[in-house]
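Q: Below is entry.csv; it holds CSV, C-alpha atoms.
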chain,number,residue,atom,x,y,z
A,1312,MET,CA,-13.5,-10.5,3.9
A,1313,SER,CA,-13.9,-9.9,0.2
A,1314,LEU,CA,-11.7,-7.3,-1.5
A,1315,ASP,CA,-11.9,-5.5,-4.8
A,1316,SER,CA,-8.7,-4.9,-6.7
A,1317,VAL,CA,-8.5,-1.4,-8.2
A,1318,ARG,CA,-5.4,-0.5,-10.1
A,1319,GLY,CA,-3.2,-2.6,-7.9
A,1320,LYS,CA,-4.9,-1.6,-4.7
A,1321,SER,CA,-7.0,-3.8,-2.4
A,1322,LEU,CA,-10.0,-2.0,-1.0
A,1323,PRO,CA,-13.1,-3.2,1.0
A,1324,ASP,CA,-16.3,-4.4,-0.6
A,1325,LYS,CA,-18.6,-2.1,1.4
A,1326,GLN,CA,-21.7,-3.3,-0.4
A,1327,ARG,CA,-21.3,-6.9,0.9
A,1328,TYR,CA,-19.6,-6.0,4.1
A,1329,PRO,CA,-20.9,-2.6,5.3
A,1330,ASP,CA,-19.3,-2.9,8.8
A,1331,ILE,CA,-15.7,-2.7,7.4
A,1332,GLU,CA,-13.9,0.1,9.2
A,1333,HIS,CA,-10.4,0.0,7.6
A,1334,SER,CA,-9.0,0.1,4.1
A,1335,TYR,CA,-5.5,-0.7,3.1
A,1336,ILE,CA,-3.2,0.1,0.2
A,1337,LEU,CA,0.0,-1.9,0.2
A,1338,GLU,CA,3.1,-1.1,-1.8
A,1339,LEU,CA,5.6,-3.9,-1.9
A,1340,LYS,CA,9.2,-3.1,-2.9
A,1341,TYR,CA,11.8,-5.9,-3.6
A,1342,ALA,CA,15.5,-5.3,-4.1
A,1343,ALA,CA,18.4,-7.6,-4.8
A,1344,ARG,CA,20.5,-8.8,-1.8
A,1345,THR,CA,23.3,-6.7,-3.2
A,1346,ALA,CA,21.3,-3.4,-3.2
A,1347,THR,CA,23.1,-0.5,-1.6
A,1348,ASP,CA,21.7,1.6,1.2
A,1349,ALA,CA,21.3,4.5,-1.3
A,1350,GLU,CA,19.4,2.4,-3.7
A,1351,LEU,CA,17.1,1.2,-0.9
A,1352,ALA,CA,16.5,4.7,0.3
A,1353,ALA,CA,15.5,5.8,-3.3
A,1354,GLN,CA,13.3,2.8,-3.7
A,1355,ALA,CA,11.5,3.5,-0.4
A,1356,GLU,CA,11.0,7.1,-1.4
A,1357,GLU,CA,9.5,6.0,-4.7
A,1358,GLY,CA,7.1,3.7,-2.7
A,1359,ARG,CA,6.0,6.6,-0.5
A,1360,ARG,CA,5.2,8.7,-3.6
A,1361,GLN,CA,3.3,5.9,-5.2
A,1362,LEU,CA,1.2,5.3,-2.0
A,1363,HIS,CA,0.3,9.0,-1.9
A,1364,GLN,CA,-0.6,9.0,-5.6
A,1365,TYR,CA,-2.7,5.8,-5.2
A,1366,SER,CA,-4.6,7.1,-2.2
A,1367,GLU,CA,-5.5,10.3,-4.1
A,1368,ASP,CA,-7.0,8.3,-6.9
A,1369,LYS,CA,-10.7,9.1,-7.4
A,1370,ILE,CA,-11.8,5.5,-7.5
A,1371,ALA,CA,-9.7,4.5,-4.5
A,1372,ARG,CA,-11.1,7.4,-2.5
A,1373,GLN,CA,-14.7,6.5,-3.4
A,1374,LEU,CA,-14.2,2.8,-2.5
A,1375,ALA,CA,-12.5,3.7,0.8
A,1376,LYS,CA,-15.2,6.2,1.8
A,1377,GLY,CA,-16.4,5.7,5.3
A,1378,THR,CA,-13.3,3.8,6.3
A,1379,THR,CA,-9.9,4.6,7.8
A,1380,LEU,CA,-7.4,4.3,4.9
A,1381,HIS,CA,-4.0,2.9,5.8
A,1382,ARG,CA,-1.1,3.2,3.4
A,1383,LEU,CA,1.6,0.6,4.1
A,1384,LEU,CA,5.1,0.3,2.6
A,1385,LEU,CA,6.8,-3.0,2.8
A,1386,GLN,CA,10.4,-3.3,1.5
A,1387,PHE,CA,12.5,-6.4,1.1
A,1388,ARG,CA,16.2,-6.9,0.3
A,1389,GLY,CA,16.3,-10.5,-0.8
A,1390,TRP,CA,14.2,-12.4,1.7
A,1391,GLU,CA,14.8,-9.9,4.5
A,1392,MET,CA,12.1,-7.4,5.3
A,1393,LEU,CA,13.8,-4.1,5.9
A,1394,ARG,CA,10.8,-1.8,6.2
A,1395,CYS,CA,7.2,-2.0,7.2
A,1396,GLU,CA,5.8,1.4,7.7
A,1397,GLU,CA,2.5,3.2,7.6
A,1398,ILE,CA,2.7,6.4,5.5
In structure tokens, what does this structure look like?
A:
Amino acid sequence: MSLDSVRGKSLPDKQRYPDIEHSYILELKYAARTATDAELAAQAEEGRRQLHQYSEDKIARQLAKGTTLHRLLLQFRGWEMLRCEEI
């Protein structure tokens, strides 16, 4: 599948692949292994806000038109994945 990158988001190339049914915006958050729970919670909330902002972008909405848009937050502390959630 070919993807176009728009302001840090990966969205489907509907012109070449008209049968694509899903679009994804991923927000990756990395924290040091020493990050506190409070720092991680604040970072996750920032990621959620960013995902909402990105999904409301005019270009992103136009490119995702006709698909189901999924907003995914992935958060890591060091090498450990703490969170993988759809917003």
Q: Find the residues around segment 1384-1396 of chain A up to 7 Å (all atoms listed in the file counted), leave out those fewer than 2 positions away in its own chain, and share them as a list in words.
A: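 So, after excluding close chain neighbours, the residues are Leu1337, Glu1338, Leu1339, Lys1340, Tyr1341, Ala1342, Ala1343, Arg1344, Gly1358, Arg1382 and Ile1398 of chain A.
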Q: Residues around (-20.2, 5.3, 3.5), cut-off 12 Å, counting all atoms listed in the file - what are they as JSON, numbers by chain?
A: {"A": [1323, 1324, 1325, 1326, 1328, 1329, 1330, 1331, 1332, 1333, 1372, 1373, 1374, 1375, 1376, 1377, 1378, 1379]}
Q: What is the distance, in Å and to one decimal place, between atom CA of Asp1368 of chain A and atom CA of Glu1350 of chain A?
A: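 According to the coordinates, atom CA of Asp1368 of chain A and atom CA of Glu1350 of chain A are separated by 27.2 Å.
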Q: In Å, how far is it from atom CA of Ala1353 of chain A to atom CA of Lys1369 of chain A?
A: 26.7 Å
Q: In Å to one decimal, how far is atom CA of Tyr1335 of chain A from atom CA of Ala1355 of chain A?
A: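 Atom CA of Ala1355 of chain A sits 17.9 Å away from atom CA of Tyr1335 of chain A.
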Q: Measuring between all atoms listed in the file, which one of A:Leu1383, A:Arg1327, A:Ile1336, A:Glu1357 shows the shortest distance to Ala1371 of chain A?
A: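 Once distances to Ala1371 of chain A are computed over all atoms listed in the file, the minimum belongs to A:Ile1336.
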